[in-house]
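Q: For reference, this is start-v2.cif, and it has mmCIF, C-alpha atoms.
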```
data_entry
#
loop_
_atom_site.label_atom_id
_atom_site.label_comp_id
_atom_site.auth_asym_id
_atom_site.auth_seq_id
_atom_site.Cartn_x
_atom_site.Cartn_y
_atom_site.Cartn_z
CA MET A 66 -13.38 -38.21 -5.35
CA ASP A 67 -16.84 -36.62 -5.01
CA LEU A 68 -18.18 -33.21 -4.05
CA ASP A 69 -18.97 -34.15 -0.42
CA GLU A 70 -15.41 -35.40 0.07
CA VAL A 71 -13.91 -32.23 -1.38
CA ALA A 72 -16.30 -29.99 0.57
CA GLY A 73 -15.35 -31.79 3.77
CA ARG A 74 -11.70 -30.96 3.20
CA LEU A 75 -12.34 -27.37 2.18
CA TYR A 76 -14.72 -26.44 5.00
CA ALA A 77 -12.22 -27.78 7.53
CA LEU A 78 -9.70 -25.15 6.40
CA PRO A 79 -9.35 -21.61 7.80
CA PRO A 80 -11.12 -19.08 5.54
CA SER A 81 -7.75 -17.54 4.58
CA GLU A 82 -6.77 -20.84 2.91
CA PHE A 83 -10.15 -21.65 1.38
CA THR A 84 -9.91 -19.79 -1.96
CA ALA A 85 -6.52 -21.19 -2.97
CA ALA A 86 -7.46 -24.71 -1.85
CA ARG A 87 -10.78 -24.55 -3.74
CA ALA A 88 -8.95 -23.52 -6.93
CA ALA A 89 -6.46 -26.39 -6.48
CA GLU A 90 -9.26 -28.94 -5.93
CA ALA A 91 -11.12 -27.66 -9.00
CA ARG A 92 -7.98 -27.96 -11.12
CA ALA A 93 -7.33 -31.47 -9.83
CA ALA A 94 -10.87 -32.56 -10.74
CA LYS A 95 -10.53 -30.99 -14.20
CA ASP A 96 -7.15 -32.64 -14.76
CA ALA A 97 -8.75 -35.95 -13.79
CA GLY A 98 -11.34 -35.44 -16.53
CA ASP A 99 -14.31 -34.64 -14.25
CA VAL A 100 -15.33 -31.24 -15.61
CA ARG A 101 -18.71 -31.29 -13.88
CA LEU A 102 -17.14 -31.91 -10.47
CA SER A 103 -14.63 -29.14 -11.19
CA ARG A 104 -17.48 -26.68 -11.85
CA ASP A 105 -19.34 -27.79 -8.71
CA ILE A 106 -16.21 -27.31 -6.60
CA ALA A 107 -15.69 -23.83 -8.02
CA LYS A 108 -19.23 -22.93 -6.88
CA LEU A 109 -18.55 -23.78 -3.22
CA ARG A 110 -18.80 -20.61 -1.16
CA LYS A 111 -16.09 -19.43 1.18
CA PRO A 112 -17.23 -19.63 4.84
CA THR A 113 -17.19 -16.72 7.21
CA VAL A 114 -14.86 -16.96 10.20
CA SER A 115 -17.75 -17.78 12.55
CA ALA A 116 -19.11 -20.47 10.21
CA TRP A 117 -15.63 -22.00 9.96
CA ALA A 118 -15.32 -22.07 13.76
CA VAL A 119 -18.61 -23.99 14.07
CA ASN A 120 -17.61 -26.33 11.22
CA ARG A 121 -14.39 -27.08 13.07
CA ILE A 122 -16.32 -27.99 16.21
CA ALA A 123 -18.36 -30.50 14.17
CA ARG A 124 -15.11 -32.18 13.11
CA GLU A 125 -12.89 -31.89 16.16
CA HIS A 126 -15.41 -32.02 19.03
CA PRO A 127 -18.31 -34.16 17.76
CA ALA A 128 -19.20 -35.48 21.24
CA GLU A 129 -19.72 -32.01 22.72
CA LEU A 130 -21.67 -30.84 19.67
CA THR A 131 -23.83 -33.98 19.71
CA GLU A 132 -24.69 -33.32 23.36
CA LEU A 133 -25.73 -29.76 22.50
CA LEU A 134 -27.90 -30.92 19.59
CA GLU A 135 -29.51 -33.65 21.71
CA VAL A 136 -30.40 -31.08 24.36
CA GLY A 137 -31.95 -28.98 21.62
CA GLU A 138 -33.97 -31.93 20.32
CA ARG A 139 -35.29 -32.74 23.80
CA LEU A 140 -36.01 -29.06 24.46
CA ARG A 141 -38.10 -28.78 21.30
CA ALA A 142 -40.04 -31.91 22.26
CA ALA A 143 -40.65 -30.62 25.79
CA TRP A 144 -41.91 -27.33 24.38
CA GLN A 145 -44.33 -29.13 22.08
CA GLU A 146 -45.61 -31.18 25.00
CA GLN A 147 -45.63 -28.14 27.33
CA ASP A 148 -43.70 -30.17 29.93
CA ALA A 149 -42.76 -27.44 32.39
CA GLU A 150 -40.50 -29.64 34.53
CA ALA A 151 -38.53 -30.90 31.52
CA LEU A 152 -38.31 -27.37 30.12
CA ALA A 153 -36.80 -26.07 33.34
CA GLU A 154 -34.20 -28.86 33.47
CA LEU A 155 -33.31 -28.62 29.78
CA THR A 156 -33.08 -24.84 29.83
CA GLN A 157 -30.47 -25.14 32.57
CA ARG A 158 -28.55 -27.81 30.62
CA ARG A 159 -28.82 -25.68 27.51
CA GLY A 160 -26.83 -22.90 29.15
CA ALA A 161 -24.10 -25.31 30.28
CA VAL A 162 -23.60 -27.17 26.99
CA THR A 163 -23.82 -23.98 24.93
CA GLY A 164 -21.13 -22.41 27.09
CA THR A 165 -18.87 -25.44 26.63
CA VAL A 166 -19.22 -25.57 22.85
CA SER A 167 -18.89 -21.81 22.59
CA ARG A 168 -15.58 -21.90 24.47
CA LEU A 169 -14.30 -24.67 22.21
CA ALA A 170 -15.24 -22.60 19.15
CA ARG A 171 -13.34 -19.60 20.50
CA GLN A 172 -10.30 -21.80 21.12
CA ALA A 173 -10.40 -22.93 17.48
CA GLY A 174 -9.16 -19.54 16.32
CA ASP A 175 -8.65 -15.91 17.23
CA LEU A 176 -12.26 -14.79 16.85
CA SER A 177 -13.28 -11.16 16.88
CA PRO A 178 -16.13 -10.17 19.24
CA ALA A 179 -18.47 -10.01 16.24
CA ALA A 180 -17.48 -13.48 15.04
CA ALA A 181 -17.81 -14.91 18.57
CA ALA A 182 -21.30 -13.42 18.82
CA GLU A 183 -22.21 -15.07 15.49
CA VAL A 184 -20.98 -18.42 16.82
CA ASP A 185 -23.29 -18.08 19.84
CA GLN A 186 -26.13 -17.03 17.53
CA THR A 187 -25.56 -20.11 15.37
CA LEU A 188 -25.49 -22.46 18.37
CA ASP A 189 -28.73 -20.95 19.69
CA ALA A 190 -30.34 -21.49 16.28
CA ALA A 191 -29.18 -25.13 16.28
CA ILE A 192 -30.82 -25.67 19.67
CA VAL A 193 -34.23 -24.22 18.88
CA ASP A 194 -34.50 -25.10 15.16
CA ALA A 195 -34.21 -28.67 13.84
CA GLU A 196 -33.21 -27.58 10.35
CA ALA A 197 -30.43 -25.39 11.71
CA ALA A 198 -29.29 -28.29 13.90
CA GLU A 199 -28.87 -30.51 10.84
CA GLN A 200 -26.84 -27.83 9.03
CA VAL A 201 -24.53 -27.47 12.02
CA ARG A 202 -24.19 -31.25 12.33
CA ARG A 203 -23.00 -31.53 8.69
CA GLY A 204 -20.15 -29.10 9.34
CA ASP A 205 -20.40 -27.26 6.01
CA LEU A 206 -21.77 -23.86 7.01
CA VAL A 207 -20.81 -20.88 4.87
CA LYS A 208 -22.42 -18.21 7.06
CA PRO A 209 -23.80 -17.93 10.61
CA LEU A 210 -27.35 -19.06 11.33
CA SER A 211 -30.07 -17.26 13.24
CA TYR A 212 -33.57 -17.97 14.48
CA SER A 213 -35.97 -15.11 15.07
CA GLY A 214 -38.81 -17.00 16.76
CA PHE A 215 -39.68 -16.80 20.44
CA ALA A 216 -39.96 -20.56 21.03
CA PRO A 217 -38.21 -23.73 19.87
CA ALA A 218 -39.37 -24.87 16.44
CA PRO A 219 -40.07 -28.46 15.29
CA ALA A 220 -38.43 -29.85 12.16
CA THR A 221 -41.33 -28.68 10.00
CA ARG A 222 -43.01 -25.40 10.79
CA GLU A 223 -46.43 -24.53 9.42
CA ARG A 224 -47.16 -21.04 8.11
CA PRO A 225 -49.46 -19.02 10.36
CA PRO A 226 -53.03 -18.85 9.05
CA ALA A 227 -53.04 -15.07 9.06
CA ARG A 228 -50.44 -12.39 8.91
CA ARG A 229 -50.14 -10.58 12.23
CA ARG A 230 -49.64 -6.85 12.57
CA LYS A 231 -46.04 -5.69 12.72
CA THR A 232 -44.99 -4.63 16.23
CA PRO A 233 -42.16 -2.34 17.39
CA GLU A 234 -40.30 -5.49 18.43
CA ASP A 235 -40.62 -6.80 14.86
CA ALA A 236 -39.28 -3.53 13.48
CA ALA A 237 -36.33 -3.68 15.88
CA ALA A 238 -35.64 -7.29 14.92
CA ALA A 239 -35.80 -6.37 11.22
CA ALA A 240 -33.38 -3.50 11.85
CA ARG A 241 -30.99 -5.86 13.65
CA GLU A 242 -31.20 -8.31 10.77
CA ARG A 243 -30.40 -5.54 8.31
CA GLU A 244 -27.44 -4.45 10.43
CA GLU A 245 -26.22 -8.05 10.64
CA ALA A 246 -26.60 -8.47 6.88
CA GLU A 247 -24.66 -5.26 6.28
CA ALA A 248 -21.96 -6.40 8.70
CA ARG A 249 -21.73 -9.77 6.95
CA GLY A 250 -21.54 -8.01 3.59
CA ALA A 251 -18.74 -5.79 4.87
CA ARG A 252 -16.84 -8.81 6.19
CA GLU A 253 -17.28 -10.67 2.92
CA ARG A 254 -15.98 -7.65 1.02
CA GLN A 255 -13.00 -7.45 3.37
CA GLU A 256 -12.31 -11.15 2.87
CA ALA A 257 -12.60 -10.74 -0.89
CA GLN A 258 -10.20 -7.79 -0.76
CA ALA A 259 -7.75 -9.80 1.35
CA ALA A 260 -7.94 -12.73 -1.08
CA TYR A 261 -7.35 -10.37 -4.01
CA GLU A 262 -4.33 -8.77 -2.31
CA GLU A 263 -2.95 -12.22 -1.51
CA TRP A 264 -3.21 -13.37 -5.13
CA ARG A 265 -2.01 -10.01 -6.50
CA GLN A 266 1.15 -10.33 -4.45
CA ALA A 267 1.52 -13.95 -5.53
CA LEU A 268 1.15 -12.85 -9.17
CA GLU A 269 3.81 -10.16 -8.78
CA GLN A 270 6.19 -12.65 -7.20
CA ALA A 271 5.51 -15.28 -9.86
CA GLN A 272 5.97 -12.70 -12.65
CA LYS A 273 9.28 -11.52 -11.17
CA GLU A 274 10.51 -15.08 -10.79
CA HIS A 275 9.44 -15.92 -14.35
CA ASP A 276 11.18 -12.85 -15.82
CA GLU A 277 14.40 -13.56 -13.93
CA ARG A 278 14.48 -17.18 -15.04
CA ALA A 279 13.53 -16.29 -18.61
CA GLU A 280 16.43 -13.82 -18.73
CA LYS A 281 18.79 -16.45 -17.33
CA VAL A 282 17.61 -19.01 -19.89
CA SER A 283 18.07 -16.43 -22.66
CA ARG A 284 21.65 -15.83 -21.56
CA LEU A 285 22.34 -19.55 -21.38
CA GLU A 286 20.79 -20.08 -24.80
CA GLY A 287 23.09 -17.35 -26.20
CA LYS A 288 26.11 -19.04 -24.68
CA LEU A 289 24.91 -22.39 -25.98
CA ALA A 290 24.52 -20.97 -29.50
CA LYS A 291 28.08 -19.65 -29.42
CA ALA A 292 29.34 -22.96 -28.09
CA ARG A 293 27.49 -24.81 -30.87
CA GLY A 294 29.10 -22.46 -33.43
CA ARG A 295 32.57 -23.20 -32.05
CA LEU A 296 31.74 -26.90 -32.07
CA ASP A 297 30.72 -26.69 -35.74
CA ASP A 298 34.03 -24.95 -36.56
CA SER A 299 35.96 -27.66 -34.75
CA ARG A 300 33.98 -30.37 -36.56
CA HIS A 301 34.73 -28.74 -39.93
CA ARG A 302 38.49 -28.51 -39.19
CA LEU A 303 38.46 -32.13 -38.04
CA GLU A 304 36.82 -33.28 -41.28
CA VAL A 305 39.31 -31.26 -43.37
CA ALA A 306 42.27 -32.65 -41.40
CA ARG A 307 41.00 -36.21 -41.79
CA ARG A 308 40.51 -35.78 -45.54
CA GLU A 309 43.93 -34.23 -46.10
CA GLU A 310 45.62 -36.79 -43.89
CA ARG A 311 44.01 -39.57 -45.92
CA HIS A 312 45.14 -38.02 -49.23
CA ALA A 313 48.68 -37.54 -47.93
CA ARG A 314 48.86 -41.13 -46.75
CA GLN A 315 47.65 -42.38 -50.13
CA ARG A 316 50.35 -40.37 -51.96
CA LEU A 317 52.97 -41.74 -49.57
CA GLU A 318 51.91 -45.32 -50.17
CA HIS A 319 52.11 -44.90 -53.97
#
```
Could you write out this structure as structure tokens?
A:
Amino acid sequence: MDLDEVAGRLYALPPSEFTAARAAEARAAKDAGDVRLSRDIAKLRKPTVSAWAVNRIAREHPAELTELLEVGERLRAAWQEQDAEALAELTQRRGAVTGTVSRLARQAGDLSPAAAAEVDQTLDAAIVDAEAAEQVRRGDLVKPLSYSGFAPAPATRERPPARRRKTPEDAAAAAREREEAEARGARERQEAQAAYEEWRQALEQAQKEHDERAEKVSRLEGKLAKARGRLDDSRHRLEVARREERHARQRLEH
């Protein structure tokens, strides 16, 4: 068992099952003597609902996702070559394949409008950004992806030689990013609260079950102690009877 194998299993699970499954996998690794793997597993981050939906597409619909990523790769190449004809064709195909994969992601679970929008945002990033495409292909996202550029980006992007002046559009984009970050933070807090409530209830149930069984064992131990006392009395009377019977028989024989 290695980290990639464990991560593959965990990121295929719904977010509601992730925390408990991660703890179980970490315990299993520790019990097997691999403390380092156990620590690495414990560090794996819980995915958002939208990230999980995209991860599921990577596992359950690889052909459709591969088609989307191939369109993205060709689109980036056409943009670099400024091939207008190819750009027009690929832009049209982009809309079709993105729609298909997006529908499959929505069918993977009951997504909220916000989560569905993050799925579309992640798919768009995978089309125009090679690094994002590779992350989506691996199927181990923990949060949605985004790309703020105005054109497809190659695998390696160079820094601009000079910093351009901030425009109103930049300010609006920055504001949207802050709002998205705040929304993600709120969702993560909600998920953390839900996980806490789930484990708090599990703790209460386990404590109640433990107390009930401990009380039952205590009662049984009390009964067992009394039974052992009666058994000791019976054993003592048996030994006395045997001894006296032996003495009486000896007197009779003489």
Q: Translate the PyMOL selection byres ((chain A and resi 180-192) around 8) into a concrete residue list for this structure, as an mmCIF file with C-alpha atoms, in the frame of the given file.
A:
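That gives us part_34.cif:
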```
data_model
loop_
_atom_site.group_PDB
_atom_site.id
_atom_site.type_symbol
_atom_site.label_atom_id
_atom_site.label_comp_id
_atom_site.auth_asym_id
_atom_site.auth_seq_id
_atom_site.Cartn_x
_atom_site.Cartn_y
_atom_site.Cartn_z
ATOM 1 C CA VAL A 114 -14.860 -16.960 10.200
ATOM 2 C CA SER A 115 -17.750 -17.780 12.550
ATOM 3 C CA ALA A 116 -19.110 -20.470 10.210
ATOM 4 C CA ALA A 118 -15.320 -22.070 13.760
ATOM 5 C CA VAL A 119 -18.610 -23.990 14.070
ATOM 6 C CA LEU A 133 -25.730 -29.760 22.500
ATOM 7 C CA LEU A 134 -27.900 -30.920 19.590
ATOM 8 C CA VAL A 136 -30.400 -31.080 24.360
ATOM 9 C CA GLY A 137 -31.950 -28.980 21.620
ATOM 10 C CA GLU A 138 -33.970 -31.930 20.320
ATOM 11 C CA LEU A 140 -36.010 -29.060 24.460
ATOM 12 C CA THR A 163 -23.820 -23.980 24.930
ATOM 13 C CA SER A 167 -18.890 -21.810 22.590
ATOM 14 C CA ALA A 170 -15.240 -22.600 19.150
ATOM 15 C CA ARG A 171 -13.340 -19.600 20.500
ATOM 16 C CA LEU A 176 -12.260 -14.790 16.850
ATOM 17 C CA SER A 177 -13.280 -11.160 16.880
ATOM 18 C CA PRO A 178 -16.130 -10.170 19.240
ATOM 19 C CA ALA A 179 -18.470 -10.010 16.240
ATOM 20 C CA VAL A 193 -34.230 -24.220 18.880
ATOM 21 C CA ASP A 194 -34.500 -25.100 15.160
ATOM 22 C CA ALA A 195 -34.210 -28.670 13.840
ATOM 23 C CA GLU A 196 -33.210 -27.580 10.350
ATOM 24 C CA ALA A 197 -30.430 -25.390 11.710
ATOM 25 C CA ALA A 198 -29.290 -28.290 13.900
ATOM 26 C CA GLU A 199 -28.870 -30.510 10.840
ATOM 27 C CA VAL A 201 -24.530 -27.470 12.020
ATOM 28 C CA PRO A 209 -23.800 -17.930 10.610
ATOM 29 C CA LEU A 210 -27.350 -19.060 11.330
ATOM 30 C CA SER A 211 -30.070 -17.260 13.240
ATOM 31 C CA TYR A 212 -33.570 -17.970 14.480
ATOM 32 C CA PRO A 217 -38.210 -23.730 19.870
#
```
Q: Check which residues satisfy the PyMOL selection byres ((chain A and resi 126) around 12) in the file shown, then give them as a ChimeraX atom specification.
A: /A:118-125,127-133,165-170,172-173,202,204
Q: So what does the PyMOL selection byres ((chain A and resi 253-258) around 12) actually pick up in this one, as a list in words?
A: Pro79, Pro80, Ser81, Glu82, Phe83, Thr84, Arg110, Lys111, Pro112, Thr113, Val114, Ser115, Val207, Lys208, Ala246, Glu247, Ala248, Arg249, Gly250, Ala251, Arg252, Ala259, Ala260, Tyr261, Glu262, Glu263, Trp264 and Arg265 of chain A
Q: Please report the interatomic distance between atom CA of A:Ala86 and atom CA of A:Trp117 in Å with one decimal.
A: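 One can read the atom CA of A:Ala86 to atom CA of A:Trp117 distance as 14.6 Å.
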Q: Go ahead and compute the interatomic distance for atom CA of A:Asp99 and atom CA of A:Glu70, in Å to one decimal.
A: 14.4 Å
Q: Could you jot down the atom CA of A:Asp175 to atom CA of A:Val162 separation for me, Å, one decimal place?
A: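 For atom CA of A:Asp175 relative to atom CA of A:Val162, the distance reads 21.1 Å.
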Q: So, with all atoms listed in the file as the atoms that count, which of A:Asp205, A:Glu146, A:Glu154, A:Asp105 lies closest to A:Leu78?
A: A:Asp205
Q: Atoms are missing here; could stretch 128-149 of chain A be completed with N, CA, C and O atoms and written as a short mmCIF file (atom, residue, chain, number, x, y, z; two decimals), in the coordinates of the input?
A:
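Output below, filename part.cif:
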```cif
data_model
loop_
_atom_site.label_atom_id
_atom_site.label_comp_id
_atom_site.auth_asym_id
_atom_site.auth_seq_id
_atom_site.Cartn_x
_atom_site.Cartn_y
_atom_site.Cartn_z
N ALA A 128 -18.45 -35.04 20.04
CA ALA A 128 -19.20 -35.48 21.24
C ALA A 128 -19.89 -34.29 21.90
O ALA A 128 -21.07 -34.35 22.26
N GLU A 129 -19.14 -33.19 22.07
CA GLU A 129 -19.72 -32.01 22.72
C GLU A 129 -20.84 -31.41 21.87
O GLU A 129 -21.87 -30.98 22.39
N LEU A 130 -20.63 -31.39 20.54
CA LEU A 130 -21.67 -30.84 19.67
C LEU A 130 -22.90 -31.74 19.68
O LEU A 130 -24.04 -31.24 19.70
N THR A 131 -22.69 -33.05 19.67
CA THR A 131 -23.83 -33.98 19.71
C THR A 131 -24.65 -33.78 20.98
O THR A 131 -25.88 -33.80 20.94
N GLU A 132 -23.97 -33.56 22.10
CA GLU A 132 -24.69 -33.32 23.36
C GLU A 132 -25.54 -32.06 23.24
O GLU A 132 -26.71 -32.04 23.66
N LEU A 133 -24.98 -31.01 22.67
CA LEU A 133 -25.73 -29.76 22.50
C LEU A 133 -26.96 -29.98 21.62
O LEU A 133 -28.07 -29.53 21.94
N LEU A 134 -26.78 -30.71 20.51
CA LEU A 134 -27.90 -30.92 19.59
C LEU A 134 -28.96 -31.83 20.21
O LEU A 134 -30.16 -31.66 19.94
N GLU A 135 -28.53 -32.78 21.03
CA GLU A 135 -29.51 -33.65 21.71
C GLU A 135 -30.32 -32.86 22.73
O GLU A 135 -31.53 -33.08 22.88
N VAL A 136 -29.67 -31.95 23.43
CA VAL A 136 -30.40 -31.08 24.36
C VAL A 136 -31.42 -30.25 23.59
O VAL A 136 -32.57 -30.08 24.03
N GLY A 137 -31.03 -29.75 22.44
CA GLY A 137 -31.95 -28.98 21.62
C GLY A 137 -33.14 -29.81 21.17
O GLY A 137 -34.29 -29.34 21.19
N GLU A 138 -32.88 -31.06 20.76
CA GLU A 138 -33.97 -31.93 20.32
C GLU A 138 -34.95 -32.19 21.46
O GLU A 138 -36.18 -32.14 21.28
N ARG A 139 -34.43 -32.48 22.65
CA ARG A 139 -35.29 -32.74 23.80
C ARG A 139 -36.04 -31.47 24.22
O ARG A 139 -37.20 -31.53 24.65
N LEU A 140 -35.37 -30.32 24.10
CA LEU A 140 -36.01 -29.06 24.46
C LEU A 140 -37.18 -28.76 23.53
O LEU A 140 -38.25 -28.32 23.98
N ARG A 141 -37.00 -29.01 22.25
CA ARG A 141 -38.10 -28.78 21.30
C ARG A 141 -39.28 -29.70 21.59
O ARG A 141 -40.45 -29.30 21.51
N ALA A 142 -38.97 -30.96 21.94
CA ALA A 142 -40.04 -31.91 22.26
C ALA A 142 -40.78 -31.49 23.53
O ALA A 142 -42.02 -31.55 23.59
N ALA A 143 -40.03 -31.05 24.54
CA ALA A 143 -40.65 -30.62 25.79
C ALA A 143 -41.54 -29.40 25.56
O ALA A 143 -42.60 -29.26 26.18
N TRP A 144 -41.10 -28.51 24.68
CA TRP A 144 -41.91 -27.33 24.38
C TRP A 144 -43.21 -27.73 23.69
O TRP A 144 -44.28 -27.21 24.02
N GLN A 145 -43.14 -28.67 22.77
CA GLN A 145 -44.33 -29.13 22.08
C GLN A 145 -45.31 -29.78 23.05
O GLN A 145 -46.53 -29.65 22.91
N GLU A 146 -44.75 -30.48 24.04
CA GLU A 146 -45.61 -31.18 25.00
C GLU A 146 -45.98 -30.29 26.20
O GLU A 146 -46.72 -30.71 27.08
N GLN A 147 -45.41 -29.07 26.22
CA GLN A 147 -45.63 -28.14 27.33
C GLN A 147 -45.31 -28.80 28.67
O GLN A 147 -46.05 -28.66 29.67
N ASP A 148 -44.17 -29.50 28.70
CA ASP A 148 -43.70 -30.17 29.93
C ASP A 148 -42.84 -29.17 30.70
O ASP A 148 -41.64 -28.99 30.43
N ALA A 149 -43.44 -28.51 31.67
CA ALA A 149 -42.76 -27.44 32.39
C ALA A 149 -41.53 -27.94 33.14
O ALA A 149 -40.49 -27.26 33.17
#
```
